[in-house]
Amino acid sequence: MEASKSRTAALEELVARLQGPAMTGEALKAIAESCEAARMAGLGSDSEAMKTLDTATVSLDPILRESVLAYVSGDLHRYLHILDMLDNVLDLAPMDGINQIYWSMQRQLFLMRMDMASLPDFVAERLLPFYERFLRQLSVRLGLGPVARQVGTPGRVVIVTNQFLSAEHQPSRDLLLLAVRLQRDLGRTVLVLNTNMMPDRYYSPFVPPFAAAVEDRLSGEQTIRCGGERIRMLSSTASGITADKLSGFLSAVEAFDPDLVIAFGGSVIVADLLASTHPVLCIPTTSGRTVSLADIVLDFGGHAPPAGDGRLARSWRPARFGLSLRRTGETATRTEFSLPDAAFVCVVVGNRLDLEADGAFLDLLDRVLDAVPRALVLFAGGVESLPGQLAADRHATRLRSLGHVDRMEALMSVCDLFVNPRRTGGGAGVAQAMAGGVPVLSFDGGDVASVAGPSFLVADDAAFVARVAALAGDPALLAEARQEARTRIAAVEREGADDRQLSAYMAEAIALFERRR
C-alpha cells in the first residue's frame, strides 16, 4: 500500500512538473529531479502508472517526452524512438542539438540508468550506426574533408580527447601518462588535441540535461611538462560544433602528418572523422561498450568481446591501458579524521555521489550498519544533496560525508574496506584504495568491478552484508583480503604498463588501415 501511494505521489508530481516550463536549464533540472523520484519509486515497473504518464505527455515536445519516459522506465526503445526522429531530420536539425541529445543518452548509459536488457543490441546495432551517420552529416554540412594520408611521418602520434581538464582529472592525468610513455619510452613525437566537443550548454529539451565542463585557460597552443617530457597540446574552448573549430583541428593534423591517431575515450568526434584517412587506435577511459570508428578498440579490463561479428566486435582487443596512481607514501592517524580506533571503517569514493549513493544503496548500508555495530561509512567526494540525505538517515551518526578529499592516500591508510554502489565509474578511486591495501566490495559491472576483479565481487545485497560482517569479524580474513588487494592492483598496473603490447596494437592499427585504404 505504501509503495502504491509513493508511486502515485511521484507520478502526480512529475505530471505537474511537466505542465510547467521546460526550455531552461533550471526547468529541465527540476523535471529530471521528478523523474529520478519517479524512477526510485518504481514507476517504471508499474504498467498502469506508465500508461498514465504516456498519455499525460502526448502533447510535449517529442524529445522531452521520450527522454522523460526513458528516464523513468529505463526502456531503451524510447531512445530508439529518439534516434528515429533525429534520422528523419538529420540533414536539417542543428548539429549542436543532435550532439546534445547523443551525449545526454551516453551519459544515462554511463550512469547505468538504462535497462540494457530492454534492447541488448542498442549500442552496437543502433547507437554506433547513428553516430556514424551523424559524423557523415557533420562532414557534409560543414564542408569538412580530412586530407588523405600519403605515407605519414614515422614516429608521430596524435592523441585526441573530448575533454582535458587538469592533472586532478583522472582521464586527463592518464592521457598525460600515455603521452609521456609514447615520447620517453617508445620514441614517438606526440601532439595532443583537446577538442571539447561535448556540449557545454543546453541545446535540447532532453532530460536529464547534460553539459560538460570546459577549462577556459586551456585555449590555443600549450606546452605541458610531465614526467620530464614536454607535451604539445592544441585546445579549443569555443562553444558548439563549428566549421572553424573542426577544420582547425583537421588542419593541425595535416600539418603534423602523423602515422597514427589515438582516440582517448569513446565517441571522440575529431578522431573518428580522421578514421577515413588515418589509422586510429581507441583507448577507452571507462567500462561499458565504447562507441568508436577506430581500427582497434582496447578493452577496459572486462576481457569480454562485444556480442556478434559487427564493427565493435571486430575492432575489440583484450587489453587495458593503466590507471595512473598517485603514490606519496602519506599516511594518517584515525584521530586526524575523527575516527574511533575500534571502528570498522568503510569508504565510498566518487565524483558523482549525489547520484550514485542513491536510496537503494543507502538502504543497503543501513543493513550493513545493523549487522556490524562497530562499522561506520565515509563518503569522499564533492557533493551537494547527499549530506542532507545522510542527516535524515536512522544511522546518521555513522554515515559521514567528508566532501572533496585532497589527501586520498592518507584517507585510505585509515580505512578497512572500499564499498561500491552500483555504477559505471569509480575506477580511479578503487585503484588508489587497493594500492593502499584496502580490500573492495562491489557488485559486478562497471569500472570498480573491472579493476577489482572477481575475488572482490558479490552477487546480491545479502552477500554484500554478509561479506562486510565476515571481514569485520575476522582479522585474519581482513589481512588476507588486504594482501589480495595489493596483489591484484599490481597485476592491473603491469598489464596497463606493457609497452610492447601497446606498440603491437599501434602497429596492428596501422596495418589494418593499410588494408582498408
# chains A, B, ... in the order shown; residues from 1 in each chain; ligands from 1
call {"tool": "closest_atom_pairs", "arguments": {"of": "segment 279-384 of chain A", "to": "segment 472-494 of chain A", "cutoff": "8 Å", "atoms": "only C-alpha atoms", "output": "Markdown table"}}
result
| residue | atom | partner | partner_atom | distance |
| --- | --- | --- | --- | --- |
| A:Gly322 | CA | A:Glu493 | CA | 5.7 |
| A:Leu323 | CA | A:Glu493 | CA | 7.3 |
| A:Phe344 | CA | A:Ala472 | CA | 6.3 |
| A:Val372 | CA | A:Ala472 | CA | 7.3 |
| A:Ala375 | CA | A:Ala472 | CA | 7.9 |
call {"tool": "write_last_selection", "arguments": {"atoms": "all heavy atoms", "output": "mmCIF file, in the first residue's frame"}}
result
data_model
loop_
_atom_site.group_PDB
_atom_site.id
_atom_site.type_symbol
_atom_site.label_atom_id
_atom_site.label_comp_id
_atom_site.auth_asym_id
_atom_site.auth_seq_id
_atom_site.Cartn_x
_atom_site.Cartn_y
_atom_site.Cartn_z
ATOM 1 N N GLY A 322 46.659 1.400 -18.424
ATOM 2 C CA GLY A 322 46.716 1.526 -16.970
ATOM 3 C C GLY A 322 46.161 2.820 -16.420
ATOM 4 O O GLY A 322 46.227 3.870 -17.055
ATOM 5 N N LEU A 323 45.614 2.747 -15.210
ATOM 6 C CA LEU A 323 45.198 3.929 -14.461
ATOM 7 C C LEU A 323 46.409 4.494 -13.734
ATOM 8 O O LEU A 323 47.186 3.753 -13.123
ATOM 9 C CB LEU A 323 44.120 3.567 -13.441
ATOM 10 C CG LEU A 323 42.757 3.144 -13.992
ATOM 11 C CD1 LEU A 323 41.938 2.499 -12.882
ATOM 12 C CD2 LEU A 323 42.031 4.346 -14.540
ATOM 13 N N PHE A 344 35.119 -0.167 12.403
ATOM 14 C CA PHE A 344 35.401 -0.816 11.116
ATOM 15 C C PHE A 344 34.985 0.192 10.046
ATOM 16 O O PHE A 344 33.795 0.420 9.814
ATOM 17 C CB PHE A 344 34.607 -2.118 10.973
ATOM 18 C CG PHE A 344 34.960 -2.891 9.730
ATOM 19 C CD1 PHE A 344 36.113 -3.667 9.677
ATOM 20 C CD2 PHE A 344 34.143 -2.831 8.607
ATOM 21 C CE1 PHE A 344 36.440 -4.382 8.527
ATOM 22 C CE2 PHE A 344 34.473 -3.533 7.457
ATOM 23 C CZ PHE A 344 35.621 -4.313 7.417
ATOM 24 N N VAL A 372 26.726 -4.878 11.571
ATOM 25 C CA VAL A 372 28.074 -4.658 12.121
ATOM 26 C C VAL A 372 28.031 -3.403 12.994
ATOM 27 O O VAL A 372 28.261 -2.286 12.518
ATOM 28 C CB VAL A 372 29.112 -4.501 10.988
ATOM 29 C CG1 VAL A 372 30.521 -4.406 11.580
ATOM 30 C CG2 VAL A 372 29.023 -5.651 9.995
ATOM 31 N N ALA A 375 30.712 -0.677 12.703
ATOM 32 C CA ALA A 375 31.020 -0.144 11.371
ATOM 33 C C ALA A 375 30.524 1.295 11.246
ATOM 34 O O ALA A 375 29.535 1.692 11.867
ATOM 35 C CB ALA A 375 30.366 -1.000 10.290
#
call {"tool": "residues_around", "arguments": {"residues": "Leu355 of chain A", "least_positions_apart": "3", "cutoff": "10 Å", "atoms": "only C-alpha atoms", "output": "number ranges by chain"}}
result
A: 36, 111, 351-352, 358-359, 383, 385-386, 423
call {"tool": "residues_around", "arguments": {"residues": "segment 293-298 of chain A", "least_positions_apart": "3", "cutoff": "6 Å", "atoms": "only C-alpha atoms", "output": "short mmCIF file (atom, residue, chain, number, x, y, z; two decimals) with C-alpha atoms, in the first residue's frame"}}
result
data_model
loop_
_atom_site.label_atom_id
_atom_site.label_comp_id
_atom_site.auth_asym_id
_atom_site.auth_seq_id
_atom_site.Cartn_x
_atom_site.Cartn_y
_atom_site.Cartn_z
CA ASP A 272 36.55 9.37 -35.75
CA VAL A 280 43.03 5.01 -35.40
CA LEU A 281 43.55 3.20 -32.10
CA CYS A 282 40.95 3.82 -29.37
CA ILE A 283 41.84 3.64 -25.68
CA SER A 315 37.88 -3.96 -33.58
CA TRP A 316 37.91 -5.09 -29.92
CA ARG A 317 41.19 -6.20 -28.33
CA ALA A 319 43.98 -5.11 -23.27
CA ALA A 509 46.10 -0.45 -36.28
#
call {"tool": "atom_distance", "arguments": {"atom1": "atom CA of Pro387 of chain A", "atom2": "atom CA of Arg467 of chain A"}}
result
26.1 Å
call {"tool": "residues_around", "arguments": {"residues": "Leu390 of chain A", "least_positions_apart": "4", "cutoff": "12 Å", "atoms": "only C-alpha atoms", "output": "JSON, numbers by chain"}}
result
{"A": [353, 354, 357, 358, 359, 361, 362, 363, 365, 366, 377, 378, 379, 383, 384, 385, 386, 394, 395, 396, 397, 398, 399, 400, 401, 402]}
call {"tool": "atom_distance", "arguments": {"atom1": "atom CA of Leu457 of chain A", "atom2": "atom CA of Arg326 of chain A"}}
result
24.8 Å
